[in-house]
Every structure is written in structure tokens, then in C-alpha cells.
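See structure below.
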Amino acid sequence: MSDSARDALSLVAVAKSYPRLLGFSRTPVLRGVDLVVARGATLGLAGPNGSGKSTLLRLLAGVERPDSGTVLVSGRTPQAAARTDLVGWLSDDTAFPREMSIRGALRLAGSLHGLRGRALVGRADALLERVGLASHARQTLGRSSRGMLRRFGLAQAWIHAPELVLLDEPTAGLDAEGFVVLAGLLDEARAAGTTVILASHVASDLAERCDELAVLLDGRVAARGAPSSVLAGGGLLDLYRRHARAAR
Amino acid sequence: MNARLWFLGLRRTASPIVLALALGAAWLASREGRAIALVEDDALRRGLALEAHWVAFLALVAPLLVLRAAALRSRGEVAWTSTSRAGIARGEASLASGAITAALLVVLLWTALGAARVGPSGPIDGFAGSAPGPDRALLEPGQPLVWRADVASDGRVRARIEISLAIAPGGGGEARFLVRRNGVEREGRARVLPRGGVEVLVPGGEGPVEFQLALTDADARGFVVSSALSLWRPVDASEAARGAAARVALASCTWVALAFGLGAWLRAPLVALVLAATWIATWWRDGAWSDEAPRWLAGGDLARALATVGEGRAAAPLDALDGLAAAACIAVGIALAARRVEGRP
């Protein structure tokens with residue numbers, strides 16, 4: 001039995017679908033997800049394309065609502081959690097203002113979370129240093145490479161020191177230095193007791209960086225446990241095949 | 001409101017280079033042509049120049065503002081602004097406010113250019129209200145339309161009625177407009193072909209006056225096209241310029257806010273088409289020149305007001321209802337944007 005106020009997040013029988021054919025029909029994405037994550041844990045979320053990883057993160061970020069079921073972040077609704085700056089989010093398809101400088105956009109992100117004045121400037125500059133973008137701070141985001149944008153995305157997710165960080169495919173486009181930056185941020189998060197949910201379909205990303213792994217298949221949590229046990233045998237691909245055979 | 005998002009909205013809507021090009025093109029397009037230069041009446045010439053100035057704005061600058069406001073938010077960008085204490089609605093309101101501020105700044109700049117071009121002038125007729133028109137619309141020779149209405153006048157108020165005449169070949173098209181109060185009678189005459197207005201100076205005083213509208217030509221037939229009389233009194237010419245600028249500013253704010261909201265759902269060119277179709281249909285609808293425009297549509301009477309300015313007169317000043325209608329449209333725009341973000345980031 002979980003204690004929703006003490007858990008970082010809990011999802012109970014969460015279902016979500018999207019309308020199609022002008023709303024006459026719906027495509028189910030999540031079909032009853034149950035998931036509880038303790039504070040300070042780093043959970044990897046695996047699953048093939050279309051399994052509902054990004055949808056799950058959007059529900060946790062509070063920008064979408066479930067059709068049924070309960071989603072709680074630190075015992076509150078995700079919207080309430082977002083309003084109190086508990087959540088940092090790097091979504092898979094996030095676009096940033098191309099005409100703004102890296103420093104300006106990061107300060108904008110900080111101001112949205114209520115940071116002001118010296119606290120904002122200091123925090124933004126420290127994070128730019130931390131993700132290796134300090135020397136490019138005046139460069140516009142439109143002229144930045146994909147890897148730099150991803151590092152900027154990590155910085156904006158951490159700008160307000162949230163309790164829960166949601167990362168959707170954070171390694172996509174990262175260079176070697178970016179991988180080191182991500183690993184460092186995850187280590188610091190673990191030390192600070194920050195909960196991290198990291199969605200990826202690359203097994204090695206998750207195995208190396210997460211305490212636990214949950215695998216989403218057909219809109220449900222099909223497996224959960226330590227990465228070594230979940231990935232034992234043939235790895236994620238084998239897990240997907242076994243699940244598909246069982247479903248038939 | 002978030003100041004940085006506000007500035008982002010402002011900067012994106014009023015992109016300096018594109019805007020400079022549009023303003024330059026509109027400036028060239030609104031230059032006083034030969035036809036205007038030939039007009040001898042000073043008030044009319046200035047009115048025509050002012051109307052041309054604002055029509056060029058509506059044709060060349062306003063669509064650009066709408067297109068830029070509709071394309072203000074790129075897909076995926078809201079993802080990182082919505083998971084914050086600022087929240088979706090405040091984030092969208094900040095961006096929309098920036099876009100509206102941009103529109104206001106551009107209108108202000110255009111107003112200054114207009115003032116430099118047209119310059120100050122003496123008194124002109126300004127709209128002072130309405131009074132009931134005749135019960136019957138059909139106007140036939142020998143059967144004058146007679147009616148009474150309460151009109152307060154300081155001796156400088158003019159009453160005007162819009163009529164349309166059908167005249168047999170060789171006939172005249174003159175209408176006679178009489179007004180009586182306490183034994184004092186005034187008369188106005190105008191040749192109308194096929195449509196126009198006839199005016200008369202209302203004698204000073206309070207209370208009811210008697211109006212009489214008649215045709216002088218036995219072969220003419222006609223009808224009254226407006227359901228009410230319009231009343232005019234002398235005002236400073238600057239009121240016409242100020243009124244036109246205020247109307248365009250309010251309409252531009254409304255368009256930009258709605259474009260911002262609709263832009264979350266539709267592509268920018270489609271948004272521009274939807275807004276243009278809605279407002280142009282309102283401006284050119286049957287009865288647009290005689291009846292009141294729908295008050296809930298901010299800028300719904302803009303075309304008629306600019307036409308009034310083009311006649312060398314000042315249109316009715318804006319009132320609180322116009323402001324409320326614009327505020328409602330702006331709220332709808334922001335709500336549309338926020339609703340879209342909540343549905344799909």
C-alpha cells in the first residue's frame with residue numbers, strides 16, 4: 001500500500017485515449033497504468049514507439065488529464081504540483097524560442113518558475129556552466145546544434161530545482177560531452193533526493209542510469225524491477241516479442 | 001503576467017524588418033492622389049486623405065500583424081512554459097499581451113504618420129447621435145413623409161437622412177428636407193442620384209420638432225434607407241483623426257488576439273482568411289451603411305466610420321460598449337489558445 005503524500009508520484013488505473021475520425025472514435029494509448037515511485041528514485045520508462053511513454057509524462061507534467069484513473073504528484077494533482085514548481089520537464093518535441101539567446105531563454109524559463117533578480121541570474125549562469133553552454137550563452141537557440149538544444153533542455157528542466165524531473169528521450173542528439181553532463185545531473189539529483197523519470201527506448205541509457213525500470217507495453221506496465229532483472233535474457237526486444245506472442 | 005513572455009510576443013508580432021517594409025509600402029500606397037488634390041473643400045480633402053491613410057493600413061499592415069500573431073507560437077514551445085507556476089493561461093495571456101502591445105505601437109506610429117501628412121484643420125461635422133426616422137420608407141411625389149422626434153439643438157445641430165431615388169429620364173433628383181420648431185422653419189435641399197443624404201439645420205431648443213421629407217420632381221420615386229436620422233454638430237477636425245485611430249487600434253487589438261487564439265488551432269494564412277471573411281462580410285452586409293453594426297463585434301462599424309471620415313466628418317466616438325466588446329474578443333482569443341495547450345502541448 002502506498003502513501004500518496006510520501007510517494008513522489010502514483011498512478012492508479014490510469015487510462016488515456018485520443019480522438020480520431022473527428023471524435024467519432026478514440027485511440028487508446030494508456031489502458032490502466034498502475035505505478036508508484038518513491039521519492040528520490042530514478043525510474044527508467046521503457047517501451048516501443050507508441051507504447052504511451054510520452055503520454056504518461058504529459059499526464060505527470062499536468063498538461064493533459066487522464067480519461068479515468070488517478071494521477072498524483074507528491075499527493076497533489078499534477079496541475080497543482082506544476083503550479084508550485086515541483087515538476088521540471090524536458091519533453092521529446094519541445095521547441096524553444098529560436099530568436100532568443102541561450103542565456104535569455106534560460107532566464108525566461110526561470111522567471112516562469114518565479115525566480116527573480118540575482119537569484120535568477122545566478123541560477124541560470126550556474127546551470128549554463130554546469131551543462132557546458134556558458135561559452136555559447138549569447139548564441140541564439142536557432143543557431144544552436146541539436147545536442148546544444150538538448151543540453152539547454154536539461155538546464156531549463158532543472159532551473160527551479162524541482163522535486164520531480166521528467167525527461168523524455170534526453171539522450172537523443174546528445175554528444176559525448178552531453179552524456180557526461182546528463183550522468184552528472186542524474187548523480188546530483190540522486191544525492192539531492194530528486195525523483196527522476198527517464199523515458200527512452202534505448203536499453204543501455206536506462207540500464208546505466210536508473211535504479212528501477214518499468215516497461216510499458218500496450219498501454220500497461222508489463223514489467224518492473226531492477227534493470228538487471230528486467231533486461232535479463234534477451235533484453236528489451238526479447239521482452240517485446242514475448243509480450244506480443246502472449247497477447248496473440 | 002510574465003514580462004519576458006510579453007516581450008517575446010511583442011518582438012515576434014512587430015518584427016522590425018518585415019514591419020518596416022509593410023509600413024513603407026502602406027505609406028507609399030496612401031499618398032495623396034490627383035483626385036484628392038482636385039477637391040476644393042478643405043474638410044473633404046483632408047477627410048479623403050485620412051481615409052486613404054487608414055485604408056492603406058488595413059490593406060497592407062493589419063494583415064501582416066494578424067499573420068504574425070497567428071504564427072506567434074510554434075508547436076511544442078508551450079511544453080516548457082506550461083509546467084510552471086505561471087501556468088498555461090498566464091503564459092498565453094502574457095504572449096497575447098505582447099502581441100496586442102505590438103499592434104498598439106504600430107497603430108500609434110501610423111497615427112503619427114497620418115498627423116504629419118494630414119495636419120490640423122478647422123471645424124467639421126461630428127456625429128452627435130440619432131433620432132427616429134419616418135414610419136414609412138416609400139417616398140413619392142406629392143406625398144411627403146412627416147414625423148416628429150425629440151431633438152435638442154443649440155442652433156448648430158444638423159439632421160441628416162439617407163435616401164435612394166429612382167428618377168425618370170430627364171427628371172431631377174432633388175429632395176427637400178424641412179424642420180419646424182415653435183414656428184421656426186428651416187429647409188435643406190440636396191440632389192441625390194441614386195443615393196445620398198439630405199441635411200437640414202435644426203432650430204435651437206429642446207423637445208419635439210417636426211420633420212418633413214419630400215421630392216420636388218414629379219417623375220422621381222425613392223425610399224428612405226436609414227431607419228434613423230443622424231445628428232451632427234461642429235467639432236474640431238482632430239476628433240476625426242483621433243476617432244479613426246482609436247477605432248483601428250481597438251479593431252487591431254481584437255484581430256491580433258483572435259489570430260493568436262485561432263493560430264493555436266489553424267494555420268496562420270487560414271486564420272487571416274477567417275478573420276478577413278468575418279469582418280469584410282460585416283462591413284459589406286446588406287444594411288451596413290444604414291443600420292447599426294453589431295456591437296459585439298469590435299471594429300464591425302470600422303468601414304462605415306472610415307467612410308464618414310472620408311466625407312469630411314467625424315464618426316461617433318467610441319463608448320464603453322466598444323471597449324467591452326474588444327475585451328470579450330481578446331478574452332476569447334486567449335481562452336482559445338489556452339484550451340489548445342491544455343489539450344495537446
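By convention here, the chains of the C-alpha cells are called A, B, ... in the order presented, each chain's residues are numbered starting at 1, and ligands are numbered starting at 1 in the order presented.
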
Write out as a PyMOL selection string which residues come within 7 Å of Ala223 (chain A) when counting only C-alpha atoms, dropping same-chain ones fewer than 4 positions away. chain A and resi 214-215+230

Would you mind listing, for every residue of chain A within 9 Å of chain B, the two atoms forming the shortest contact and the distance between them in Å to one decimal, using only C-alpha atoms, sorted by chain and ascending residue number, as a Markdown table?
```
| residue | atom | partner | partner_atom | distance |
| --- | --- | --- | --- | --- |
| A:Arg58 | CA | B:Pro345 | CA | 8.4 |
| A:Ala61 | CA | B:Thr83 | CA | 6.2 |
| A:Gly62 | CA | B:Thr83 | CA | 7.0 |
| A:Val63 | CA | B:Glu342 | CA | 5.4 |
| A:Glu64 | CA | B:Glu342 | CA | 6.0 |
| A:Arg65 | CA | B:Gly343 | CA | 8.4 |
| A:Gln79 | CA | B:Thr83 | CA | 7.9 |
| A:Ala80 | CA | B:Arg85 | CA | 8.9 |
| A:Ala81 | CA | B:Arg85 | CA | 8.8 |
| A:Ala82 | CA | B:Thr83 | CA | 5.1 |
| A:Arg83 | CA | B:Arg85 | CA | 3.8 |
| A:Thr84 | CA | B:Arg85 | CA | 5.7 |
| A:Asp85 | CA | B:Ser84 | CA | 5.6 |
| A:Leu86 | CA | B:Ser84 | CA | 8.5 |
| A:Val87 | CA | B:Thr83 | CA | 6.9 |
| A:Gly88 | CA | B:Thr83 | CA | 7.2 |
| A:Trp89 | CA | B:Trp80 | CA | 6.8 |
| A:Leu90 | CA | B:Trp80 | CA | 7.2 |
| A:Ser91 | CA | B:Ala79 | CA | 6.9 |
| A:Asp92 | CA | B:Gly76 | CA | 8.9 |
| A:Asp93 | CA | B:Gly76 | CA | 5.7 |
| A:Thr94 | CA | B:Gly76 | CA | 4.6 |
| A:Ala95 | CA | B:Glu77 | CA | 4.4 |
| A:Phe96 | CA | B:Glu77 | CA | 5.5 |
| A:Pro97 | CA | B:Glu77 | CA | 7.1 |
| A:Glu99 | CA | B:Arg12 | CA | 8.9 |
| A:Met100 | CA | B:Leu8 | CA | 8.5 |
| A:Gly104 | CA | B:Arg4 | CA | 8.8 |
| A:Ala105 | CA | B:Arg4 | CA | 8.9 |
| A:Arg107 | CA | B:Arg4 | CA | 8.6 |
| A:Leu108 | CA | B:Arg4 | CA | 5.9 |
| A:Ala109 | CA | B:Thr81 | CA | 7.1 |
| A:Ser111 | CA | B:Asn2 | CA | 7.4 |
| A:Leu112 | CA | B:Ala86 | CA | 5.3 |
| A:His113 | CA | B:Ser84 | CA | 5.3 |
| A:Gly114 | CA | B:Arg85 | CA | 6.9 |
| A:Gly153 | CA | B:Trp80 | CA | 8.9 |
| A:Gln156 | CA | B:Trp80 | CA | 8.1 |
| A:Ala157 | CA | B:Trp80 | CA | 8.1 |
```

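Across B:Leu23, B:Ala103, B:Gly312, B:Val66, the tightest approach to Cys253 (chain B) is made by B:Ala103 when counting only C-alpha atoms.
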
Give me the residues within 12 Å of Ala37 (chain B) as an MDAnalysis selection string, counting only C-alpha atoms and dropping any in the same chain fewer than 5 places off. chainID B and resid 31:32 42 44:49

Those same residues - N, CA, C and O atoms - I'd like them written as a tab-separated table (two decimals), in the first residue's frame.
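As a result, out_15.tsv now contains:
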```
chain	number	residue	atom	x	y	z
B	31	ARG	N	-0.37	57.75	-50.39
B	31	ARG	CA	-0.03	59.12	-50.80
B	31	ARG	C	-1.24	59.81	-51.44
B	31	ARG	O	-2.05	59.16	-52.10
B	32	GLU	N	-1.34	61.10	-51.24
B	32	GLU	CA	-2.49	61.83	-51.78
B	32	GLU	C	-2.45	61.80	-53.31
B	32	GLU	O	-1.47	62.23	-53.93
B	42	ASP	N	-11.82	72.02	-48.14
B	42	ASP	CA	-10.67	71.67	-47.31
B	42	ASP	C	-10.98	70.46	-46.41
B	42	ASP	O	-10.19	69.52	-46.31
B	44	LEU	N	-13.25	68.15	-46.77
B	44	LEU	CA	-13.44	66.93	-47.55
B	44	LEU	C	-12.09	66.37	-48.01
B	44	LEU	O	-11.85	65.16	-47.97
B	45	ARG	N	-11.21	67.27	-48.45
B	45	ARG	CA	-9.90	66.81	-48.93
B	45	ARG	C	-9.10	66.15	-47.80
B	45	ARG	O	-8.51	65.09	-47.98
B	46	ARG	N	-9.13	66.77	-46.65
B	46	ARG	CA	-8.43	66.19	-45.51
B	46	ARG	C	-9.06	64.85	-45.10
B	46	ARG	O	-8.37	63.90	-44.75
B	47	GLY	N	-10.38	64.80	-45.13
B	47	GLY	CA	-11.08	63.56	-44.79
B	47	GLY	C	-10.72	62.44	-45.73
B	47	GLY	O	-10.45	61.31	-45.30
B	48	LEU	N	-10.68	62.74	-47.02
B	48	LEU	CA	-10.33	61.72	-48.01
B	48	LEU	C	-8.89	61.23	-47.80
B	48	LEU	O	-8.61	60.03	-47.91
B	49	ALA	N	-8.00	62.18	-47.49
B	49	ALA	CA	-6.60	61.80	-47.26
B	49	ALA	C	-6.48	60.90	-46.02
B	49	ALA	O	-5.74	59.91	-46.02
```

Determine which residues of region 46-228 of chain A DSSP labels as alpha helix (DSSP H) from the backbone of this structure, then write them out as JSON, numbers by chain. {"A": [53, 54, 55, 56, 57, 58, 59, 60, 61, 78, 79, 80, 81, 82, 83, 102, 103, 104, 105, 106, 107, 108, 109, 110, 111, 112, 117, 118, 119, 120, 121, 122, 123, 124, 125, 126, 127, 128, 129, 130, 146, 147, 148, 149, 150, 151, 152, 153, 154, 155, 156, 157, 158, 176, 177, 178, 179, 180, 181, 182, 183, 184, 185, 186, 187, 188, 189, 190, 191, 192, 203, 204, 205, 206, 207, 208, 209, 227, 228]}

Excluding region 197-203 of chain A and its own-chain neighbours fewer than 5 positions away, which residues fall within 10 Å of it when counting only C-alpha atoms? Please give them as a VMD selection string. chain A and resid 37 41 to 49 53 to 54 56 to 57 60 89 to 92 164 to 172 186 208 to 210 212 to 215 227 231 235 to 237

Got a sec: who's within 8 Å of Leu60 (chain B), counting only C-alpha atoms, leaving out chain neighbours fewer than 5 positions off, as a list in words?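 Counting only C-alpha atoms, the residues come to Ala22, Leu23, Ala25 and Ala26 of chain B.
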
With only C-alpha atoms as the counted atoms, please give the residues lying no more than 12 Å from region 214-217 of chain B, apart from itself and same-chain residues fewer than 4 positions off, as an NGL selection string. :B and (134 or 137-146 or 161 or 163-179 or 187-192 or 198 or 221-224)

Would you pick out the contacts of Ser144 (chain A) at 12 Å or less, using only C-alpha atoms, so that residues sharing its chain but fewer than 2 positions from it are not included, and give the list as an MDAnalysis selection string? chainID A and resid 96:102 133 136:142 146:152

Please report the interatomic distance between CA of Leu193 (chain B) and CA of Ala314 (chain B) in Å with one decimal.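 If I compute the distance from CA of Leu193 (chain B) to CA of Ala314 (chain B), I get 23.7 Å.
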
Hey, which of B:Pro203, B:Ala337, B:Asn182, B:Gly310 ends up closest to Ile36 (chain B)? Count only C-alpha atoms.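 The closest residue to Ile36 (chain B) is B:Gly310.
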
Out of region 98-328 of chain B, which residues get strand (DSSP E) from DSSP, as a PyMOL selection string? chain B and resi 123-132+138-139+145-150+158-167+174-181+184-191+195-201+208-215+220-224+228-236+313-314
